[in-house]
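**Student:** Contents of entry04.txt (compact mmCIF, C-alpha atoms) are given next:
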# COMPACT_ATOMS: atom_id res chain seq x y z
CA MET A 1 54.76 37.56 -20.18
CA LYS A 2 53.25 36.82 -23.60
CA ARG A 3 53.67 33.09 -23.07
CA LEU A 4 52.05 33.30 -19.67
CA ILE A 5 48.99 35.04 -21.13
CA VAL A 6 48.71 32.46 -23.92
CA VAL A 7 49.00 29.62 -21.41
CA LEU A 8 46.37 31.21 -19.14
CA VAL A 9 43.93 31.73 -22.01
CA LEU A 10 44.42 28.16 -23.24
CA ALA A 11 43.96 26.81 -19.70
CA GLY A 12 40.73 28.80 -19.42
CA VAL A 13 39.37 27.47 -22.70
CA VAL A 14 40.29 23.89 -21.79
CA GLY A 15 38.67 24.43 -18.38
CA MET A 16 35.47 25.64 -20.02
CA PHE A 17 35.36 22.56 -22.22
CA ALA A 18 35.98 20.31 -19.24
CA TRP A 19 33.19 22.01 -17.36
CA ALA A 20 30.82 21.71 -20.31
CA LEU A 21 31.62 18.01 -20.66
CA SER A 22 31.13 17.41 -16.95
CA ARG A 23 27.61 18.84 -17.35
CA GLU A 24 26.67 16.38 -20.08
CA GLN A 25 23.78 14.15 -19.26
CA THR A 26 25.08 10.81 -18.04
CA LEU A 27 23.51 7.44 -17.40
CA ALA A 28 24.09 7.72 -13.68
CA SER A 29 21.10 9.07 -11.78
CA PRO A 30 21.72 11.23 -8.72
CA LEU A 31 18.81 9.34 -7.17
CA VAL A 32 20.68 6.03 -6.95
CA GLY A 33 21.55 5.44 -3.29
CA ARG A 34 18.78 7.78 -2.13
CA ALA A 35 15.25 7.14 -0.90
CA ALA A 36 12.87 6.42 -3.75
CA PRO A 37 10.32 9.24 -4.11
CA ASP A 38 6.90 8.07 -3.05
CA PHE A 39 3.99 8.21 -5.46
CA THR A 40 0.33 7.29 -5.56
CA MET A 41 -1.25 6.38 -8.88
CA PRO A 42 -4.55 5.02 -10.10
CA LEU A 43 -4.37 1.45 -11.36
CA TYR A 44 -5.71 0.34 -14.71
CA ALA A 45 -6.90 -2.95 -13.25
CA ALA A 46 -9.39 -1.80 -10.67
CA ASP A 47 -10.94 1.27 -9.20
CA SER A 48 -8.10 1.66 -6.75
CA SER A 49 -4.67 3.15 -6.47
CA ILE A 50 -1.26 2.10 -5.28
CA SER A 51 1.51 3.92 -3.48
CA LEU A 52 5.15 2.99 -3.19
CA ALA A 53 4.91 3.34 0.59
CA ARG A 54 2.49 0.40 0.63
CA LEU A 55 5.17 -1.83 -0.87
CA ARG A 56 7.80 -0.99 1.74
CA GLY A 57 9.55 -4.15 2.96
CA LYS A 58 9.61 -5.73 -0.50
CA PRO A 59 12.12 -5.21 -3.29
CA VAL A 60 10.43 -3.26 -6.07
CA VAL A 61 11.00 -3.26 -9.81
CA LEU A 62 9.63 0.10 -10.93
CA ASN A 63 9.26 0.36 -14.68
CA PHE A 64 8.27 3.49 -16.62
CA TRP A 65 6.66 2.69 -19.94
CA ALA A 66 4.23 3.93 -22.57
CA SER A 67 2.09 2.19 -25.16
CA TRP A 68 3.58 4.40 -27.93
CA CYS A 69 7.12 3.31 -27.05
CA LEU A 70 8.53 0.63 -29.35
CA SER A 71 11.29 -0.43 -26.94
CA CYS A 72 8.63 -1.00 -24.26
CA ARG A 73 7.13 -3.72 -26.45
CA GLU A 74 10.48 -5.52 -26.46
CA GLU A 75 10.57 -5.72 -22.69
CA ALA A 76 6.83 -6.15 -22.02
CA ARG A 77 6.94 -9.93 -21.98
CA VAL A 78 10.27 -9.96 -20.12
CA LEU A 79 8.72 -7.96 -17.28
CA GLU A 80 5.59 -10.11 -17.17
CA ALA A 81 7.73 -13.27 -17.13
CA GLY A 82 9.81 -11.70 -14.35
CA TRP A 83 6.67 -11.01 -12.33
CA GLN A 84 5.50 -14.59 -12.81
CA ARG A 85 8.86 -15.86 -11.66
CA TYR A 86 9.77 -13.48 -8.82
CA GLY A 87 6.43 -12.10 -7.65
CA PRO A 88 4.94 -11.52 -5.23
CA GLU A 89 8.14 -11.57 -3.12
CA VAL A 90 9.44 -8.93 -5.51
CA ALA A 91 6.86 -6.28 -6.37
CA PHE A 92 6.58 -5.21 -10.00
CA VAL A 93 5.10 -1.81 -10.74
CA GLY A 94 4.60 -0.24 -14.15
CA ILE A 95 3.90 3.47 -14.53
CA ALA A 96 2.59 4.63 -17.89
CA VAL A 97 3.77 8.13 -18.73
CA ASN A 98 2.24 10.55 -21.20
CA ASP A 99 -0.12 7.89 -22.34
CA GLU A 100 -3.78 7.64 -23.17
CA ALA A 101 -5.79 5.30 -20.99
CA ASP A 102 -7.34 3.36 -23.88
CA ALA A 103 -4.01 2.80 -25.59
CA ALA A 104 -2.38 1.78 -22.31
CA LYS A 105 -5.16 -0.69 -21.52
CA GLN A 106 -4.90 -2.18 -25.00
CA PHE A 107 -1.15 -2.62 -24.50
CA ILE A 108 -1.76 -4.33 -21.15
CA ARG A 109 -4.23 -6.76 -22.72
CA ARG A 110 -2.05 -7.41 -25.73
CA TYR A 111 0.95 -8.40 -23.64
CA GLY A 112 -1.06 -10.13 -20.88
CA LYS A 113 0.42 -7.99 -18.14
CA THR A 114 -0.77 -8.80 -14.62
CA TYR A 115 1.35 -6.81 -12.21
CA HIS A 116 0.60 -3.35 -10.76
CA LEU A 117 0.07 -1.05 -13.73
CA GLY A 118 -1.10 2.49 -13.37
CA SER A 119 -0.96 5.92 -14.86
CA ASP A 120 1.24 8.89 -14.00
CA VAL A 121 -1.72 11.20 -14.40
CA ASP A 122 0.01 14.54 -13.96
CA GLY A 123 3.56 13.52 -14.87
CA SER A 124 4.78 14.08 -11.33
CA ALA A 125 6.27 10.58 -10.94
CA ALA A 126 8.25 11.03 -14.16
CA VAL A 127 9.76 14.27 -12.87
CA ASP A 128 10.24 12.88 -9.37
CA TYR A 129 12.38 10.08 -10.79
CA GLY A 130 14.34 12.37 -13.12
CA LEU A 131 13.01 10.53 -16.13
CA TYR A 132 14.40 11.19 -19.60
CA GLY A 133 12.32 8.78 -21.63
CA VAL A 134 10.83 5.31 -21.72
CA PRO A 135 11.54 2.59 -20.90
CA GLU A 136 13.48 3.24 -17.72
CA THR A 137 13.49 0.93 -14.73
CA PHE A 138 14.45 1.60 -11.13
CA PHE A 139 15.30 -1.17 -8.69
CA ILE A 140 14.26 -0.26 -5.17
CA GLY A 141 15.49 -2.15 -2.09
CA ARG A 142 13.38 -3.35 0.83
CA ASP A 143 14.21 -0.19 2.77
CA GLY A 144 12.99 2.05 -0.03
CA THR A 145 16.44 3.01 -1.34
CA ILE A 146 17.01 3.12 -5.09
CA LEU A 147 19.74 0.55 -5.74
CA SER A 148 20.09 0.95 -9.48
CA ARG A 149 18.58 2.24 -12.67
CA HIS A 150 18.31 0.62 -16.08
CA ILE A 151 17.92 2.70 -19.20
CA GLY A 152 16.28 1.13 -22.23
CA PRO A 153 14.55 -2.24 -22.59
CA LEU A 154 15.42 -4.98 -20.13
CA THR A 155 16.41 -8.42 -21.33
CA ALA A 156 15.65 -11.53 -19.26
CA GLU A 157 19.36 -11.70 -18.32
CA ASP A 158 19.36 -8.06 -17.22
CA LEU A 159 16.31 -8.63 -15.09
CA ASP A 160 17.68 -11.78 -13.44
CA GLN A 161 20.93 -10.03 -12.62
CA ARG A 162 19.22 -6.93 -11.28
CA ILE A 163 16.83 -8.92 -9.14
CA ALA A 164 19.72 -10.94 -7.72
CA GLU A 165 21.35 -7.62 -6.75
CA LEU A 166 18.05 -6.35 -5.43
CA GLU A 167 17.39 -9.39 -3.25
CA ALA A 168 20.93 -9.21 -1.91
CA GLY A 169 20.52 -5.49 -1.26
CA VAL A 170 23.63 -4.77 -3.32
CA PRO A 171 23.76 -1.45 -5.13
CA GLY A 172 24.17 -1.96 -8.85
CA GLU A 173 25.48 0.30 -11.54
CA THR A 174 23.33 2.30 -13.88
CA ARG A 175 23.37 0.36 -17.12
CA GLY A 176 21.45 0.14 -20.32
CA ASP A 177 21.32 1.53 -23.78
CA PRO A 178 20.41 5.23 -23.92
CA ALA A 179 19.99 4.99 -27.69
CA SER A 180 16.97 2.72 -27.26
CA VAL A 181 15.16 5.09 -24.92
CA GLN A 182 12.38 7.13 -26.45
CA PRO A 183 12.63 10.62 -24.99
CA LEU A 184 9.51 12.33 -23.71
CA SER A 185 9.99 14.98 -26.32
CA ILE A 186 6.92 14.65 -28.46
CA GLU A 187 5.28 18.03 -28.49
CA GLY A 188 2.18 18.39 -26.40
CA PRO A 189 -1.05 19.88 -27.67
CA MET B 1 -5.08 -7.88 -52.57
CA THR B 2 -5.63 -5.13 -50.00
CA ARG B 3 -8.46 -7.14 -48.49
CA ALA B 4 -6.27 -10.20 -48.24
CA VAL B 5 -3.53 -8.24 -46.46
CA LEU B 6 -6.13 -6.71 -44.13
CA ALA B 7 -7.57 -10.14 -43.38
CA VAL B 8 -4.11 -11.47 -42.52
CA PHE B 9 -3.53 -8.53 -40.19
CA VAL B 10 -6.89 -8.97 -38.46
CA ALA B 11 -6.32 -12.71 -38.08
CA ALA B 12 -2.85 -12.11 -36.63
CA ALA B 13 -4.19 -9.51 -34.21
CA LEU B 14 -6.98 -11.80 -33.04
CA ALA B 15 -4.58 -14.71 -32.65
CA GLY B 16 -2.14 -12.54 -30.66
CA SER B 17 -4.90 -11.24 -28.44
CA ALA B 18 -6.28 -14.73 -27.81
CA MET B 19 -2.80 -16.03 -27.07
CA ALA B 20 -2.12 -13.25 -24.58
CA GLN B 21 -5.39 -14.00 -22.83
CA ASP B 22 -4.67 -17.72 -22.79
CA VAL B 23 -1.26 -17.10 -21.28
CA ALA B 24 -2.72 -14.80 -18.66
CA GLU B 25 -5.47 -17.21 -17.75
CA ALA B 26 -3.13 -20.17 -17.62
CA GLN B 27 -0.82 -18.49 -15.15
CA ASP B 28 -1.40 -19.64 -11.62
CA VAL B 29 0.31 -16.92 -9.64
CA ASP B 30 -0.41 -14.93 -6.55
CA MET B 31 -2.74 -12.32 -7.97
CA ALA B 32 -3.13 -10.36 -4.78
CA PRO B 33 -1.70 -7.10 -6.13
CA VAL B 34 -3.63 -6.99 -9.37
CA ALA B 35 -6.45 -9.46 -9.13
CA ALA B 36 -8.37 -8.49 -12.24
CA GLN B 37 -5.76 -7.32 -14.66
CA ASP B 38 -5.50 -10.61 -16.57
CA ALA B 39 -9.15 -10.38 -17.56
CA GLY B 40 -9.09 -7.91 -20.40
CA GLU B 41 -12.45 -6.32 -19.64
CA ALA B 42 -11.51 -5.58 -16.06
CA VAL B 43 -8.65 -3.36 -17.18
CA GLY B 44 -10.26 -0.01 -17.01
CA ALA B 45 -10.02 2.07 -13.86
CA ALA B 46 -7.34 4.69 -14.57
CA GLN B 47 -8.80 7.19 -17.02
CA ASP B 48 -7.51 10.12 -19.02
CA VAL B 49 -7.92 12.97 -16.59
CA ALA B 50 -6.40 16.30 -17.48
CA PRO B 51 -4.38 17.54 -14.51
CA ALA B 52 -6.08 20.42 -12.73
CA PRO B 53 -4.53 23.79 -13.60
CA ILE B 54 -2.48 25.34 -10.81
CA SER B 55 -3.46 28.96 -10.24
CA LEU B 56 -0.78 31.33 -8.98
CA THR B 57 -0.67 34.95 -7.88
CA PRO B 58 1.05 37.38 -10.31
CA GLU B 59 4.21 37.32 -8.12
CA GLN B 60 4.20 33.53 -8.08
CA GLU B 61 3.67 33.46 -11.86
CA GLU B 62 6.74 35.66 -12.23
CA LEU B 63 8.80 33.39 -9.99
CA ALA B 64 7.64 30.25 -11.79
CA ALA B 65 8.50 31.81 -15.17
CA GLU B 66 11.96 32.81 -13.89
CA ILE B 67 12.67 29.29 -12.61
CA GLU B 68 11.36 27.65 -15.79
CA SER B 69 13.67 29.88 -17.85
CA GLU B 70 16.67 28.65 -15.86
CA LEU B 71 15.85 24.95 -16.13
CA LYS B 72 17.03 22.99 -19.13
CA CYS B 73 14.52 20.80 -20.91
CA PRO B 74 16.34 17.43 -20.66
CA VAL B 75 15.00 16.08 -23.93
CA CYS B 76 15.59 19.23 -25.99
CA ARG B 77 18.59 20.88 -27.58
CA SER B 78 19.47 24.03 -25.63
CA GLN B 79 15.92 24.88 -24.74
CA SER B 80 14.57 25.88 -21.38
CA VAL B 81 11.50 24.38 -19.78
CA ARG B 82 9.87 27.75 -20.40
CA THR B 83 10.36 27.69 -24.18
CA SER B 84 9.96 23.97 -24.88
CA ARG B 85 6.62 22.40 -25.68
CA SER B 86 7.72 18.82 -25.08
CA PHE B 87 5.88 16.46 -22.72
CA MET B 88 8.85 16.48 -20.40
CA ALA B 89 8.95 20.27 -20.19
CA GLU B 90 5.21 20.36 -19.55
CA ASP B 91 5.57 17.92 -16.66
CA MET B 92 8.50 19.88 -15.26
CA SER B 93 6.63 23.15 -15.58
CA ARG B 94 3.68 21.66 -13.68
CA GLN B 95 6.05 20.55 -10.93
CA VAL B 96 7.59 24.03 -10.71
CA ARG B 97 4.15 25.62 -10.43
CA LYS B 98 3.08 23.07 -7.82
CA MET B 99 6.15 23.81 -5.71
CA VAL B 100 5.79 27.58 -6.12
CA ALA B 101 2.15 27.32 -5.05
CA ALA B 102 3.26 25.32 -2.00
CA GLY B 103 5.62 28.15 -1.03
CA SER B 104 8.96 26.59 -2.01
CA SER B 105 11.78 29.05 -2.64
CA LYS B 106 13.64 29.36 -5.94
CA GLU B 107 16.70 27.68 -4.42
CA GLU B 108 14.61 24.78 -3.07
CA ILE B 109 13.07 24.19 -6.48
CA ARG B 110 16.46 24.29 -8.19
CA GLU B 111 17.79 21.81 -5.63
CA TYR B 112 14.80 19.54 -6.25
CA PHE B 113 15.63 19.30 -9.97
CA VAL B 114 19.40 19.02 -9.46
CA ALA B 115 18.81 16.12 -7.02
CA ARG B 116 16.90 14.30 -9.75
CA TYR B 117 18.70 15.18 -12.96
CA GLY B 118 22.11 16.44 -11.89
CA ASP B 119 23.78 19.82 -12.34
CA TYR B 120 23.28 19.87 -16.08
CA ILE B 121 19.58 20.62 -15.60
CA ILE B 122 20.46 24.20 -14.66
CA LEU B 123 21.06 26.25 -17.81
CA ALA B 124 23.29 28.83 -16.12
CA PRO B 125 26.24 27.44 -14.15
CA ARG B 126 25.98 27.67 -10.39
CA LYS B 127 28.13 30.23 -8.57
CA GLN B 128 30.04 27.66 -6.62
CA GLY B 129 33.09 25.45 -7.10
CA PHE B 130 34.18 25.08 -10.69
CA GLY B 131 31.03 26.92 -11.83
CA TRP B 132 32.78 30.15 -10.81
CA THR B 133 35.26 29.65 -13.67
CA VAL B 134 32.51 30.06 -16.22
CA TRP B 135 31.27 33.24 -14.55
CA LEU B 136 34.70 34.78 -14.04
CA LEU B 137 36.60 33.64 -17.12
CA PRO B 138 34.95 36.11 -19.57
CA PHE B 139 35.77 39.01 -17.24
CA ALA B 140 39.32 37.70 -16.79
CA LEU B 141 39.72 37.42 -20.58
CA VAL B 142 38.42 40.98 -21.15
CA LEU B 143 40.68 42.36 -18.43
CA GLY B 144 43.64 40.37 -19.76
CA GLY B 145 42.98 41.64 -23.30
CA ALA B 146 42.71 45.24 -22.10
CA ALA B 147 45.94 44.91 -20.10
CA THR B 148 47.74 43.46 -23.13
CA ILE B 149 46.58 46.29 -25.42
CA PHE B 150 47.57 48.85 -22.80
CA ALA B 151 51.02 47.30 -22.35
CA LEU B 152 51.65 47.10 -26.10
CA THR B 153 50.50 50.70 -26.64
CA ARG B 154 52.85 51.91 -23.92
CA ARG B 155 55.73 49.96 -25.37
CA TRP B 156 55.15 51.41 -28.83
CA LYS B 157 54.93 54.94 -27.44
CA SER B 158 58.16 54.70 -25.42
CA ARG B 159 60.15 53.36 -28.36
CA PRO B 160 62.93 55.84 -29.42
CA PRO B 161 62.36 57.56 -32.75
CA PRO B 162 64.03 55.83 -35.65
CA ILE B 163 67.48 57.08 -36.55
CA ALA B 164 67.36 59.06 -39.74
CA PRO B 165 69.76 57.73 -42.36
CA ALA B 166 72.74 59.97 -42.99
CA ALA B 167 72.10 62.29 -45.87
CA PRO B 168 74.15 61.32 -48.87
CA PRO B 169 76.82 63.81 -49.63
CA SER B 170 75.64 66.32 -52.15
CA GLN B 171 76.87 66.29 -55.71
CA SER B 172 78.93 69.42 -55.14
CA THR B 173 80.82 67.84 -52.24
CA TRP B 174 81.76 64.91 -54.45
CA MET B 175 82.79 67.17 -57.21
CA LYS B 176 84.97 69.24 -54.88
CA ARG B 177 86.61 66.15 -53.50
CA LEU B 178 87.21 64.80 -56.97
CA GLU B 179 88.77 68.02 -58.15
CA ARG B 180 91.00 68.18 -55.07
CA GLU B 181 92.20 64.65 -55.45
CA LEU B 182 92.85 65.16 -59.16
CA LYS B 183 94.92 68.20 -58.38
CA GLU B 184 96.88 66.24 -55.83
CA THR B 185 97.65 63.52 -58.33
CA GLU B 186 98.79 66.01 -60.92
Take the structure in the file and write it out as structure tokens.

**Tutor:**
Amino acid sequence: MKRLIVVLVLAGVVGMFAWALSREQTLASPLVGRAAPDFTMPLYAADSSISLARLRGKPVVLNFWASWCLSCREEARVLEAGWQRYGPEVAFVGIAVNDEADAAKQFIRRYGKTYHLGSDVDGSAAVDYGLYGVPETFFIGRDGTILSRHIGPLTAEDLDQRIAELEAGVPGETRGDPASVQPLSIEGP
Amino acid sequence: MTRAVLAVFVAAALAGSAMAQDVAEAQDVDMAPVAAQDAGEAVGAAQDVAPAPISLTPEQEELAAEIESELKCPVCRSQSVRTSRSFMAEDMSRQVRKMVAAGSSKEEIREYFVARYGDYIILAPRKQGFGWTVWLLPFALVLGGAATIFALTRRWKSRPPPIAPAAPPSQSTWMKRLERELKETE
């Protein structure tokens, strides 16, 4: 009887730990394999806006970034080079989150970015995509399904591989380096 | 010295800026999506606009506060969206209020966040599947503990009283025996 109680208590404690571990934040996004949430955002380039729905039929590289994010600087030129190489057959969209317009525009000029770049004015796109920090990139297929997610800065090799998967319509894994993501944790005013 | 360092910085910044512009201008790509973005001055439409506050009725405020208290701030350590002041929590709070204002139920809002972040976004475990273990285990442990104490108490009570050690024979008994045996030997 005593042994049974001890075994039951131990099993319970182990179960609790297993449950707690299963709740840990993982790289995998529940959104992969699902329809990409639509968004409409004002563009920095012109007095107009863009919505994801307008890009339906094209593979989309959707990058969340911010001018205050150091890792975003690492991938800024990679993304622009990717746009030059794969656009306009592949649409590139950059959404600045928790950023100031002047700083974002300065960043765009500094890195010579020319693809769709706009602002997540009320933070709704960040929440809609289950964002943790920046940079994070989602790869969306022609039918509007999220095929994969990349956490942290993209390298040219990453981007080539992801776009090959994207053009083939093959779902990819969630990869990246969570340590290089800057969480959206800076305290607000 | 400071001036020299400053001058180097300014020169580097100007060179970088000029280079970026040169690169942008030299690129002959389909500019249909963002026609003007390569020209620095044209970058300027999206502005800093504070999101409009979402007004709720007192009942809706209560519901929003309840939901925010149950959602984990993903970028914080054990803090709810309600208590955190991070950017992320602010954005999540705005989304909760938007959904409450639109008439979404508590369950719908929870599902919305779970679909985006996973189960871990809910601070309290859900009463389904393995989540039940976390709800029921404390009760099971308390009941188990109470049952063990009860069983042990009963066992101790039903134990027979200890057998008293036989009283050593008194001195007089020994003396009598000694005298008798001495007499016998004589």

**Student:** Could you jot down the CA of Asp143 in chain A to CA of Arg56 in chain A separation for me, Å, one decimal place?

**Tutor:** 6.5 Å

**Student:** With all atoms listed in the file as the basis for distance, which of A:His116, A:Arg73, A:Arg110, A:Arg149 is at the shortest distance from Pro178 in chain A?

**Tutor:**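 Using all atoms listed in the file, the shortest distance to Pro178 in chain A belongs to A:Arg149.
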
**Student:** Using all atoms listed in the file, which chain A residues lie at most 7 Å away from chain B, written as a ChimeraX atom specification?

**Tutor:** /A:12,16,23-25,29-31,42-47,84,88,100-101,105,109-116,118-119,121-124,127-130,132,183-188

**Student:** Report, in Å with one decimal, the straight-line distance from CA of Glu157 in chain A to CA of Thr174 in chain A.

**Tutor:**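 Straight-line distance from CA of Glu157 in chain A to CA of Thr174 in chain A works out to 15.2 Å.
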
**Student:** Please, what distance in Å, to one decimal, runs between CA of Ser51 in chain A and CA of Ala91 in chain A?

**Tutor:**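 Going from CA of Ser51 in chain A over to CA of Ala91 in chain A, I get 11.9 Å.
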
**Student:** Would you please work out which residue, of A:Val6, A:Ala53, A:Asp160, A:Ala66, is nearest to Thr40 in chain A when using all atoms listed in the file?

**Tutor:**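 Closest to Thr40 in chain A of all the choices is A:Ala53.
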
**Student:** Determine, counting all atoms listed in the file, which protein, DNA and RNA residues have an atom within 6 Å of an atom of Ser80 in chain B; residues of the same chain fewer than 3 positions away are not included. Present the result as a PyMOL selection string.

**Tutor:** chain B and resi 69+71-73+83

**Student:** Check the smallest atom-to-atom distance from each of A:Pro135, A:Asp158, A:Thr145, A:Ala104 to Ala179 in chain A using all atoms listed in the file, then report the winner.

**Tutor:** A:Pro135

**Student:** Just the residues within 8 Å of Asp177 in chain A, please, counting all atoms listed in the file, with nothing from its chain fewer than 4 positions along; format it as a VMD selection string.

**Tutor:** chain A and resid 151 to 153 181

**Student:** Using all atoms listed in the file, can you list as a PyMOL selection string the residues within 7 Å of (13.5, -6.3, -16.1)?

**Tutor:** chain A and resi 78-79+82+154-156+158-159

**Student:** Nearest residue to Arg175 in chain A out of A:Asp38, A:Leu55, A:Phe92, A:His150, using all atoms listed in the file?

**Tutor:** A:His150

**Student:** Please list as a ChimeraX atom specification every residue within 10 Å of Ile146 in chain A, counting only C-alpha atoms and excluding residues in the same chain fewer than 6 positions away.

**Tutor:** /A:29,31-37,59-62,138-140,166,171-172

**Student:** Skip Glu62 in chain B itself and residues of its chain fewer than 5 positions away, then list as a VMD selection string all residues within 12 Å of it, counting only C-alpha atoms.

**Tutor:** chain B and resid 56 to 57 67 to 69 82 96 to 97 100 to 101 106
